[in-house]
$ cat protein_2.pdb   # PDB, C-alpha atoms, pLDDT in the B column
ATOM      1  CA  SER J  53       0.000   0.000   0.000  1.00 96.00           C
ATOM      2  CA  ILE J  54       1.659   3.218  -1.186  1.00 96.00           C
ATOM      3  CA  ASN J  55       1.064   6.555   0.492  1.00 96.00           C
ATOM      4  CA  PHE J  56       1.259   9.075  -2.351  1.00 96.00           C
ATOM      5  CA  ARG J  57       1.372  12.047   0.029  1.00 95.00           C
ATOM      6  CA  LEU J  58       4.308  10.677   2.054  1.00 97.00           C
ATOM      7  CA  ARG J  59       5.885   8.961  -0.995  1.00 97.00           C
ATOM      8  CA  ILE J  60       6.640   5.780   0.947  1.00 97.00           C
ATOM      9  CA  PRO J  61       4.663   2.598   1.651  1.00 97.00           C
ATOM     10  CA  ASN J  62       1.908   2.535   4.278  1.00 98.00           C
ATOM     11  CA  TRP J  63       2.722  -1.155   4.697  1.00 98.00           C
ATOM     12  CA  VAL J  64       4.237  -4.077   2.782  1.00 98.00           C
ATOM     13  CA  ALA J  65       2.939  -7.649   3.071  1.00 97.00           C
ATOM     14  CA  GLU J  66       4.997 -10.775   2.424  1.00 95.00           C
ATOM     15  CA  HIS J  67       4.591 -14.521   2.649  1.00 95.00           C
ATOM     16  CA  TYR J  68       7.535 -16.858   3.184  1.00 93.00           C
ATOM     17  CA  SER J  69       7.056 -20.560   2.662  1.00 91.00           C
ATOM     18  CA  ARG J  70       9.314 -23.460   3.421  1.00 86.00           C
ATOM     19  CA  ASP J  71       8.519 -24.596  -0.133  1.00 80.00           C
ATOM     20  CA  GLN J  72      10.233 -21.500  -1.565  1.00 75.00           C
ATOM     21  CA  SER J  73      13.734 -22.075  -2.720  1.00 59.00           C
ATOM     22  CA  ASP J  74      16.338 -19.372  -2.945  1.00 61.00           C
ATOM     23  CA  ALA J  75      17.813 -19.605  -6.417  1.00 57.00           C
ATOM     24  CA  ASP J  76      21.573 -19.658  -6.738  1.00 56.00           C
ATOM     25  CA  GLY J  77      23.004 -16.855  -8.812  1.00 47.00           C
ATOM     26  CA  ASP J  78      20.322 -14.281  -8.013  1.00 66.00           C
ATOM     27  CA  ASP J  79      22.359 -11.524  -6.512  1.00 78.00           C
ATOM     28  CA  ARG J  80      21.520  -8.076  -5.167  1.00 79.00           C
ATOM     29  CA  LYS J  81      24.604  -6.606  -6.875  1.00 82.00           C
ATOM     30  CA  HIS J  82      22.553  -6.887 -10.084  1.00 85.00           C
ATOM     31  CA  SER J  83      19.621  -5.024  -8.500  1.00 93.00           C
ATOM     32  CA  LYS J  84      19.309  -1.239  -8.553  1.00 95.00           C
ATOM     33  CA  PHE J  85      17.101   1.056  -6.507  1.00 96.00           C
ATOM     34  CA  ARG J  86      14.611   2.590  -8.904  1.00 96.00           C
ATOM     35  CA  ALA J  87      11.535   4.796  -8.959  1.00 97.00           C
ATOM     36  CA  ASP J  88       8.147   3.099  -9.032  1.00 96.00           C
ATOM     37  CA  GLU J  89       6.827   3.884 -12.508  1.00 95.00           C
ATOM     38  CA  SER J  90       3.285   2.914 -11.429  1.00 95.00           C
ATOM     39  CA  VAL J  91       3.223   5.960  -9.120  1.00 95.00           C
ATOM     40  CA  PRO J  92       2.370   9.327 -10.745  1.00 95.00           C
ATOM     41  CA  ALA J  93       5.567  11.370 -11.171  1.00 94.00           C
ATOM     42  CA  ASP J  94       4.465  14.109  -8.744  1.00 92.00           C
ATOM     43  CA  PHE J  95       4.116  11.519  -5.959  1.00 94.00           C
ATOM     44  CA  ARG J  96       7.092   9.308  -6.802  1.00 95.00           C
ATOM     45  CA  ALA J  97      10.247   8.897  -4.715  1.00 97.00           C
ATOM     46  CA  THR J  98      13.534   8.988  -6.627  1.00 97.00           C
ATOM     47  CA  ASN J  99      17.128   8.096  -5.835  1.00 97.00           C
ATOM     48  CA  ASP J 100      17.937  11.822  -5.895  1.00 97.00           C
ATOM     49  CA  ASP J 101      15.677  12.294  -2.861  1.00 97.00           C
ATOM     50  CA  TYR J 102      18.108  10.217  -0.779  1.00 97.00           C
ATOM     51  CA  ARG J 103      21.313  11.940  -1.957  1.00 96.00           C
ATOM     52  CA  GLY J 104      22.905  13.989   0.779  1.00 95.00           C
ATOM     53  CA  SER J 105      20.259  12.974   3.337  1.00 96.00           C
ATOM     54  CA  ARG J 106      22.569  10.704   5.367  1.00 95.00           C
ATOM     55  CA  LEU J 107      19.710   8.204   5.436  1.00 96.00           C
ATOM     56  CA  SER J 108      19.717   4.777   3.866  1.00 95.00           C
ATOM     57  CA  ARG J 109      17.108   3.291   1.581  1.00 96.00           C
ATOM     58  CA  GLY J 110      15.581   0.735   3.928  1.00 95.00           C
ATOM     59  CA  HIS J 111      13.688  -2.286   2.633  1.00 96.00           C
ATOM     60  CA  MET J 112      10.374  -3.229   4.203  1.00 97.00           C
ATOM     61  CA  ALA J 113      10.393  -6.582   2.355  1.00 96.00           C
ATOM     62  CA  PRO J 114      14.085  -7.555   2.591  1.00 94.00           C
ATOM     63  CA  ALA J 115      16.004  -8.346  -0.576  1.00 92.00           C
ATOM     64  CA  GLY J 116      17.630 -11.374   1.035  1.00 87.00           C
ATOM     65  CA  ALA J 117      14.265 -13.053   1.537  1.00 89.00           C
ATOM     66  CA  HIS J 118      13.282 -12.829  -2.124  1.00 89.00           C
ATOM     67  CA  LYS J 119      15.975 -14.622  -4.081  1.00 88.00           C
ATOM     68  CA  GLN J 120      13.603 -17.004  -5.889  1.00 86.00           C
ATOM     69  CA  SER J 121      14.413 -15.170  -9.100  1.00 89.00           C
ATOM     70  CA  GLN J 122      16.232 -12.047 -10.194  1.00 91.00           C
ATOM     71  CA  PRO J 123      12.922 -10.252 -10.979  1.00 92.00           C
ATOM     72  CA  ALA J 124      11.600 -11.087  -7.475  1.00 91.00           C
ATOM     73  CA  LEU J 125      14.801  -9.755  -5.936  1.00 93.00           C
ATOM     74  CA  ASP J 126      14.711  -6.645  -8.158  1.00 94.00           C
ATOM     75  CA  ASP J 127      11.138  -5.903  -7.057  1.00 94.00           C
ATOM     76  CA  THR J 128      12.365  -5.309  -3.505  1.00 95.00           C
ATOM     77  CA  PHE J 129      14.408  -2.323  -4.741  1.00 97.00           C
ATOM     78  CA  VAL J 130      11.420  -0.257  -5.924  1.00 97.00           C
ATOM     79  CA  LEU J 131      11.194   3.111  -4.177  1.00 97.00           C
ATOM     80  CA  SER J 132       7.784   4.337  -2.906  1.00 95.00           C
ATOM     81  CA  SER J 133       6.374   0.801  -2.690  1.00 96.00           C
ATOM     82  CA  ASN J 134       9.013  -1.028  -0.596  1.00 97.00           C
ATOM     83  CA  ILE J 135      11.626   1.482   0.589  1.00 97.00           C
ATOM     84  CA  VAL J 136      11.585   4.016   3.442  1.00 97.00           C
ATOM     85  CA  PRO J 137      14.284   6.408   4.661  1.00 97.00           C
ATOM     86  CA  GLN J 138      16.084   4.819   7.616  1.00 96.00           C
ATOM     87  CA  GLU J 139      18.978   5.673   9.853  1.00 93.00           C
ATOM     88  CA  LEU J 140      21.846   3.475   8.724  1.00 89.00           C
ATOM     89  CA  SER J 141      22.465   2.380  12.315  1.00 88.00           C
ATOM     90  CA  ASN J 142      18.944   0.901  12.424  1.00 88.00           C
ATOM     91  CA  ASN J 143      18.825  -0.444   8.873  1.00 87.00           C
ATOM     92  CA  GLY J 144      22.119  -2.332   9.195  1.00 84.00           C
ATOM     93  CA  SER J 145      21.641  -3.481  12.775  1.00 90.00           C
ATOM     94  CA  ASP J 146      18.344  -3.890  14.638  1.00 93.00           C
ATOM     95  CA  TRP J 147      16.091  -3.985  11.541  1.00 93.00           C
ATOM     96  CA  LEU J 148      18.479  -6.404   9.818  1.00 93.00           C
ATOM     97  CA  ARG J 149      18.445  -8.728  12.851  1.00 94.00           C
ATOM     98  CA  LEU J 150      14.645  -8.626  12.877  1.00 95.00           C
ATOM     99  CA  GLU J 151      14.530  -9.487   9.159  1.00 94.00           C
ATOM    100  CA  ARG J 152      16.870 -12.443   9.706  1.00 93.00           C
ATOM    101  CA  PHE J 153      14.875 -13.640  12.716  1.00 96.00           C
ATOM    102  CA  THR J 154      11.649 -13.480  10.692  1.00 95.00           C
ATOM    103  CA  LYS J 155      13.078 -15.477   7.766  1.00 93.00           C
ATOM    104  CA  GLY J 156      14.668 -17.892  10.268  1.00 93.00           C
ATOM    105  CA  LEU J 157      11.214 -18.821  11.560  1.00 96.00           C
ATOM    106  CA  LEU J 158      10.949 -21.098   8.502  1.00 93.00           C
ATOM    107  CA  GLN J 159      13.220 -23.523  10.357  1.00 93.00           C
ATOM    108  CA  ARG J 160      10.355 -24.144  12.813  1.00 95.00           C
ATOM    109  CA  PHE J 161       7.236 -23.197  10.814  1.00 96.00           C
ATOM    110  CA  SER J 162       6.020 -23.974   7.299  1.00 94.00           C
ATOM    111  CA  ASP J 163       4.667 -20.479   6.554  1.00 95.00           C
ATOM    112  CA  VAL J 164       5.516 -16.996   7.783  1.00 96.00           C
ATOM    113  CA  HIS J 165       3.314 -13.994   6.979  1.00 97.00           C
ATOM    114  CA  VAL J 166       4.804 -10.540   7.551  1.00 97.00           C
ATOM    115  CA  VAL J 167       3.455  -6.994   7.368  1.00 98.00           C
ATOM    116  CA  SER J 168       5.997  -4.168   7.796  1.00 97.00           C
ATOM    117  CA  GLY J 169       5.765  -0.413   7.600  1.00 97.00           C
ATOM    118  CA  PRO J 170       6.548   3.050   8.947  1.00 97.00           C
ATOM    119  CA  LEU J 171       5.225   4.725  12.091  1.00 96.00           C
ATOM    120  CA  TRP J 172       5.430   8.191  13.613  1.00 95.00           C
ATOM    121  CA  GLN J 173       5.393   8.769  17.342  1.00 92.00           C
ATOM    122  CA  ALA J 174       3.529  11.801  18.545  1.00 89.00           C
ATOM    123  CA  GLU J 175       5.374  14.254  20.747  1.00 85.00           C
ATOM    124  CA  PRO J 176       3.426  15.659  23.677  1.00 81.00           C
ATOM    125  CA  GLU J 177       1.966  19.105  23.245  1.00 75.00           C
ATOM    126  CA  PRO J 178       1.915  20.890  26.599  1.00 64.00           C
ATOM    127  CA  HIS J 179      -1.370  22.712  27.069  1.00 63.00           C
ATOM    128  CA  ASP J 180       0.186  25.749  28.746  1.00 61.00           C
ATOM    129  CA  GLY J 181       3.299  26.215  26.629  1.00 59.00           C
ATOM    130  CA  THR J 182       5.646  24.550  29.140  1.00 60.00           C
ATOM    131  CA  VAL J 183       7.261  21.155  28.968  1.00 60.00           C
ATOM    132  CA  ALA J 184       5.087  18.528  30.626  1.00 59.00           C
ATOM    133  CA  ALA J 185       6.498  16.525  33.533  1.00 62.00           C
ATOM    134  CA  PRO J 186       7.412  12.947  32.621  1.00 66.00           C
ATOM    135  CA  THR J 187       5.252  10.025  33.723  1.00 69.00           C
ATOM    136  CA  ALA J 188       6.623   7.055  35.659  1.00 68.00           C
ATOM    137  CA  ALA J 189       7.388   5.424  32.292  1.00 70.00           C
ATOM    138  CA  GLY J 190       9.599   8.399  31.421  1.00 69.00           C
ATOM    139  CA  ARG J 191       7.251   9.856  28.821  1.00 69.00           C
ATOM    140  CA  PRO J 192       5.923  13.345  29.250  1.00 62.00           C
ATOM    141  CA  LYS J 193       2.291  13.534  30.269  1.00 62.00           C
ATOM    142  CA  ALA J 194       0.175  15.557  27.884  1.00 56.00           C
ATOM    143  CA  ARG J 195      -3.448  15.841  26.915  1.00 70.00           C
ATOM    144  CA  ARG J 196      -2.610  16.147  23.222  1.00 79.00           C
ATOM    145  CA  GLY J 197       0.252  15.220  20.990  1.00 85.00           C
ATOM    146  CA  VAL J 198       1.612  16.471  17.723  1.00 88.00           C
ATOM    147  CA  VAL J 199       3.026  14.281  14.983  1.00 89.00           C
ATOM    148  CA  THR J 200       5.918  15.925  13.202  1.00 90.00           C
ATOM    149  CA  TYR J 201       8.415  14.279  10.920  1.00 93.00           C
ATOM    150  CA  ALA J 202      11.425  15.098   8.842  1.00 95.00           C
ATOM    151  CA  VAL J 203      11.299  15.015   5.061  1.00 97.00           C
ATOM    152  CA  ILE J 204      14.108  14.512   2.558  1.00 97.00           C
ATOM    153  CA  GLY J 205      14.674  15.378  -1.065  1.00 96.00           C
ATOM    154  CA  GLU J 206      12.893  17.450  -3.638  1.00 95.00           C
ATOM    155  CA  HIS J 207       9.815  15.218  -3.334  1.00 95.00           C
ATOM    156  CA  GLN J 208       9.807  15.544   0.464  1.00 96.00           C
ATOM    157  CA  LEU J 209       9.769  11.851   1.373  1.00 96.00           C
ATOM    158  CA  ALA J 210       8.527  11.378   4.922  1.00 97.00           C
ATOM    159  CA  VAL J 211      11.083   9.982   7.365  1.00 97.00           C
ATOM    160  CA  PRO J 212       9.440   7.616   9.866  1.00 96.00           C
ATOM    161  CA  THR J 213      10.344   7.864  13.545  1.00 94.00           C
ATOM    162  CA  HIS J 214       9.698   4.133  13.993  1.00 94.00           C
ATOM    163  CA  LEU J 215       9.060   0.982  11.970  1.00 96.00           C
ATOM    164  CA  PHE J 216       6.764  -1.956  12.636  1.00 97.00           C
ATOM    165  CA  LYS J 217       6.806  -5.600  11.664  1.00 97.00           C
ATOM    166  CA  VAL J 218       3.883  -7.936  12.436  1.00 98.00           C
ATOM    167  CA  VAL J 219       4.719 -11.632  12.070  1.00 97.00           C
ATOM    168  CA  LEU J 220       2.403 -14.661  11.953  1.00 98.00           C
ATOM    169  CA  ALA J 221       4.140 -18.028  11.788  1.00 97.00           C
ATOM    170  CA  THR J 222       2.016 -21.137  11.095  1.00 96.00           C
ATOM    171  CA  ASP J 223       2.409 -24.840  10.429  1.00 91.00           C
ATOM    172  CA  ALA J 224       0.412 -26.789   7.893  1.00 77.00           C
TER     173      ALA J 224
END

$ encode --input "protein_2.pdb" --output "structure tokens"
Amino acid sequence: SINFRLRIPNWVAEHYSRDQSDADGDDRKHSKFRADESVPADFRATNDDYRGSRLSRGHMAPAGAHKQSQPALDDTFVLSSNIVPQELSNNGSDWLRLERFTKGLLQRFSDVHVVSGPLWQAEPEPHDGTVAAPTAAGRPKARRGVVTYAVIGEHQLAVPTHLFKVVLATDA
């Protein structure tokens, strides 16, 4: 599901099956990040949007989980429909470990269904113009919150503050 206003996916759904086989020879070095031609040009993310941003192009559906064929692997590199701006420290560390864990569930389950996407955490909006005192959980207490987010590039791609991944693992 593509969000034309934010120019990134709302969510991406995948299904891994133990029956899938990763083809030998399908390699991400042959894949290139590219604009999603199915998205109208005014709402399309481009590689230029990421240049100079210090953010990486983070896969929602990981390339390494889609090596059945070169076209399947290439499809994971489409901007707007599968890629969101991510801090490199998250993309190459915590998110990568979560992707590997999810694919690794196939060692115990026959099918794994995954939905991933971006999130934005609201910041508290103090009602009197002062900073609200934190709650016991360390979060400021506020009656209302405001969602703000950074944007990058000429097309102003939204930069999520958080990512989510919902996983359902089943056996036949």

$ closest_residue --input "protein_2.pdb" --among "J:Leu131, J:Ala115, J:Leu148, J:Ile60" --to "J:Arg86" --atoms "only C-alpha atoms"
J:Leu131

$ closest_residue --input "protein_2.pdb" --among "J:Thr200, J:Ser69, J:Asn62, J:Ser83" --to "J:Pro123" --atoms "all atoms listed in the file"
J:Ser83

$ resolve_selection --input "protein_2.pdb" --expression "the PyMOL selection byres ((chain J and resi 66) around 8)" --output "PyMOL selection string"
chain J and resi 64-65+67-68+113+165-167

$ closest_residue --input "protein_2.pdb" --among "J:His118, J:His207, J:Lys217, J:Arg152" --to "J:Arg59" --atoms "only C-alpha atoms"
J:His207

$ residues_around --input "protein_2.pdb" --residues "J:Trp63" --least-positions-apart "5" --cutoff "12 Å" --atoms "all atoms listed in the file" --output "ChimeraX atom specification"
/J:53-55,111-113,132-136,166-171,215-218

$ closest_residue --input "protein_2.pdb" --among "J:Arg160, J:Arg106, J:Arg70, J:Arg80" --to "J:Val211" --atoms "all atoms listed in the file"
J:Arg106

$ residues_near_point --input "protein_2.pdb" --point "(18.7, -0.2, -5.3)" --cutoff "8 Å" --atoms "only C-alpha atoms" --output "PyMOL selection string"
chain J and resi 83-86+109+129-130

$ write_last_selection --input "protein_2.pdb" --atoms "C-alpha atoms" --output "short mmCIF file (atom, residue, chain, number, x, y, z; two decimals), in the frame of the given file"
data_model
loop_
_atom_site.label_atom_id
_atom_site.label_comp_id
_atom_site.auth_asym_id
_atom_site.auth_seq_id
_atom_site.Cartn_x
_atom_site.Cartn_y
_atom_site.Cartn_z
CA SER J 83 19.62 -5.02 -8.50
CA LYS J 84 19.31 -1.24 -8.55
CA PHE J 85 17.10 1.06 -6.51
CA ARG J 86 14.61 2.59 -8.90
CA ARG J 109 17.11 3.29 1.58
CA PHE J 129 14.41 -2.32 -4.74
CA VAL J 130 11.42 -0.26 -5.92
#

$ resolve_selection --input "protein_2.pdb" --expression "the PyMOL selection byres ((chain J and resi 199) around 8)" --output "mmCIF file with C-alpha atoms, in the frame of the given file"
data_model
loop_
_atom_site.group_PDB
_atom_site.id
_atom_site.type_symbol
_atom_site.label_atom_id
_atom_site.label_comp_id
_atom_site.auth_asym_id
_atom_site.auth_seq_id
_atom_site.Cartn_x
_atom_site.Cartn_y
_atom_site.Cartn_z
ATOM 1 C CA TRP J 172 5.430 8.191 13.613
ATOM 2 C CA GLN J 173 5.393 8.769 17.342
ATOM 3 C CA ALA J 174 3.529 11.801 18.545
ATOM 4 C CA GLU J 175 5.374 14.254 20.747
ATOM 5 C CA GLY J 197 0.252 15.220 20.990
ATOM 6 C CA VAL J 198 1.612 16.471 17.723
ATOM 7 C CA THR J 200 5.918 15.925 13.202
ATOM 8 C CA TYR J 201 8.415 14.279 10.920
#

$ residues_around --input "protein_2.pdb" --residues "stretch 99-105 of chain J" --least-positions-apart "2" --cutoff "7 Å" --atoms "only C-alpha atoms" --output "PDB file with C-alpha atoms, keeping the file's coordinate frame"
ATOM      1  CA  ARG J  86      14.611   2.590  -8.904  1.00 96.00           C
ATOM      2  CA  ALA J  97      10.247   8.897  -4.715  1.00 97.00           C
ATOM      3  CA  LEU J 107      19.710   8.204   5.436  1.00 96.00           C
ATOM      4  CA  ILE J 204      14.108  14.512   2.558  1.00 97.00           C
ATOM      5  CA  GLY J 205      14.674  15.378  -1.065  1.00 96.00           C
ATOM      6  CA  GLU J 206      12.893  17.450  -3.638  1.00 95.00           C
ATOM      7  CA  HIS J 207       9.815  15.218  -3.334  1.00 95.00           C
TER       8      HIS J 207
END

$ atom_distance --input "protein_2.pdb" --atom1 "atom CA of J:Ser121" --atom2 "atom CA of J:Val164"
19.2 Å

$ atom_distance --input "protein_2.pdb" --atom1 "atom CA of J:Glu139" --atom2 "atom CA of J:Gln159"
29.8 Å

$ atom_distance --input "protein_2.pdb" --atom1 "atom CA of J:Phe95" --atom2 "atom CA of J:His82"
26.4 Å

$ residues_around --input "protein_2.pdb" --residues "J:Pro92" --least-positions-apart "4" --cutoff "9 Å" --atoms "only C-alpha atoms" --output "VMD selection string"
chain J and resid 56 88 96

$ decode --input "protein_2.pdb" --residues "stretch 109-214 of chain J" --atoms "C-alpha atoms" --output "tab-separated table (two decimals), in the first residue's frame"
chain	number	residue	atom	x	y	z
J	109	ARG	CA	17.11	3.29	1.58
J	110	GLY	CA	15.58	0.73	3.93
J	111	HIS	CA	13.69	-2.29	2.63
J	112	MET	CA	10.37	-3.23	4.20
J	113	ALA	CA	10.39	-6.58	2.36
J	114	PRO	CA	14.09	-7.55	2.59
J	115	ALA	CA	16.00	-8.35	-0.58
J	116	GLY	CA	17.63	-11.37	1.03
J	117	ALA	CA	14.27	-13.05	1.54
J	118	HIS	CA	13.28	-12.83	-2.12
J	119	LYS	CA	15.97	-14.62	-4.08
J	120	GLN	CA	13.60	-17.00	-5.89
J	121	SER	CA	14.41	-15.17	-9.10
J	122	GLN	CA	16.23	-12.05	-10.19
J	123	PRO	CA	12.92	-10.25	-10.98
J	124	ALA	CA	11.60	-11.09	-7.47
J	125	LEU	CA	14.80	-9.76	-5.94
J	126	ASP	CA	14.71	-6.65	-8.16
J	127	ASP	CA	11.14	-5.90	-7.06
J	128	THR	CA	12.36	-5.31	-3.51
J	129	PHE	CA	14.41	-2.32	-4.74
J	130	VAL	CA	11.42	-0.26	-5.92
J	131	LEU	CA	11.19	3.11	-4.18
J	132	SER	CA	7.78	4.34	-2.91
J	133	SER	CA	6.37	0.80	-2.69
J	134	ASN	CA	9.01	-1.03	-0.60
J	135	ILE	CA	11.63	1.48	0.59
J	136	VAL	CA	11.58	4.02	3.44
J	137	PRO	CA	14.28	6.41	4.66
J	138	GLN	CA	16.08	4.82	7.62
J	139	GLU	CA	18.98	5.67	9.85
J	140	LEU	CA	21.85	3.48	8.72
J	141	SER	CA	22.47	2.38	12.32
J	142	ASN	CA	18.94	0.90	12.42
J	143	ASN	CA	18.82	-0.44	8.87
J	144	GLY	CA	22.12	-2.33	9.19
J	145	SER	CA	21.64	-3.48	12.78
J	146	ASP	CA	18.34	-3.89	14.64
J	147	TRP	CA	16.09	-3.99	11.54
J	148	LEU	CA	18.48	-6.40	9.82
J	149	ARG	CA	18.45	-8.73	12.85
J	150	LEU	CA	14.64	-8.63	12.88
J	151	GLU	CA	14.53	-9.49	9.16
J	152	ARG	CA	16.87	-12.44	9.71
J	153	PHE	CA	14.87	-13.64	12.72
J	154	THR	CA	11.65	-13.48	10.69
J	155	LYS	CA	13.08	-15.48	7.77
J	156	GLY	CA	14.67	-17.89	10.27
J	157	LEU	CA	11.21	-18.82	11.56
J	158	LEU	CA	10.95	-21.10	8.50
J	159	GLN	CA	13.22	-23.52	10.36
J	160	ARG	CA	10.35	-24.14	12.81
J	161	PHE	CA	7.24	-23.20	10.81
J	162	SER	CA	6.02	-23.97	7.30
J	163	ASP	CA	4.67	-20.48	6.55
J	164	VAL	CA	5.52	-17.00	7.78
J	165	HIS	CA	3.31	-13.99	6.98
J	166	VAL	CA	4.80	-10.54	7.55
J	167	VAL	CA	3.46	-6.99	7.37
J	168	SER	CA	6.00	-4.17	7.80
J	169	GLY	CA	5.77	-0.41	7.60
J	170	PRO	CA	6.55	3.05	8.95
J	171	LEU	CA	5.23	4.73	12.09
J	172	TRP	CA	5.43	8.19	13.61
J	173	GLN	CA	5.39	8.77	17.34
J	174	ALA	CA	3.53	11.80	18.55
J	175	GLU	CA	5.37	14.25	20.75
J	176	PRO	CA	3.43	15.66	23.68
J	177	GLU	CA	1.97	19.11	23.25
J	178	PRO	CA	1.92	20.89	26.60
J	179	HIS	CA	-1.37	22.71	27.07
J	180	ASP	CA	0.19	25.75	28.75
J	181	GLY	CA	3.30	26.21	26.63
J	182	THR	CA	5.65	24.55	29.14
J	183	VAL	CA	7.26	21.15	28.97
J	184	ALA	CA	5.09	18.53	30.63
J	185	ALA	CA	6.50	16.53	33.53
J	186	PRO	CA	7.41	12.95	32.62
J	187	THR	CA	5.25	10.03	33.72
J	188	ALA	CA	6.62	7.05	35.66
J	189	ALA	CA	7.39	5.42	32.29
J	190	GLY	CA	9.60	8.40	31.42
J	191	ARG	CA	7.25	9.86	28.82
J	192	PRO	CA	5.92	13.34	29.25
J	193	LYS	CA	2.29	13.53	30.27
J	194	ALA	CA	0.17	15.56	27.88
J	195	ARG	CA	-3.45	15.84	26.91
J	196	ARG	CA	-2.61	16.15	23.22
J	197	GLY	CA	0.25	15.22	20.99
J	198	VAL	CA	1.61	16.47	17.72
J	199	VAL	CA	3.03	14.28	14.98
J	200	THR	CA	5.92	15.92	13.20
J	201	TYR	CA	8.42	14.28	10.92
J	202	ALA	CA	11.42	15.10	8.84
J	203	VAL	CA	11.30	15.01	5.06
J	204	ILE	CA	14.11	14.51	2.56
J	205	GLY	CA	14.67	15.38	-1.07
J	206	GLU	CA	12.89	17.45	-3.64
J	207	HIS	CA	9.81	15.22	-3.33
J	208	GLN	CA	9.81	15.54	0.46
J	209	LEU	CA	9.77	11.85	1.37
J	210	ALA	CA	8.53	11.38	4.92
J	211	VAL	CA	11.08	9.98	7.36
J	212	PRO	CA	9.44	7.62	9.87
J	213	THR	CA	10.34	7.86	13.55
J	214	HIS	CA	9.70	4.13	13.99
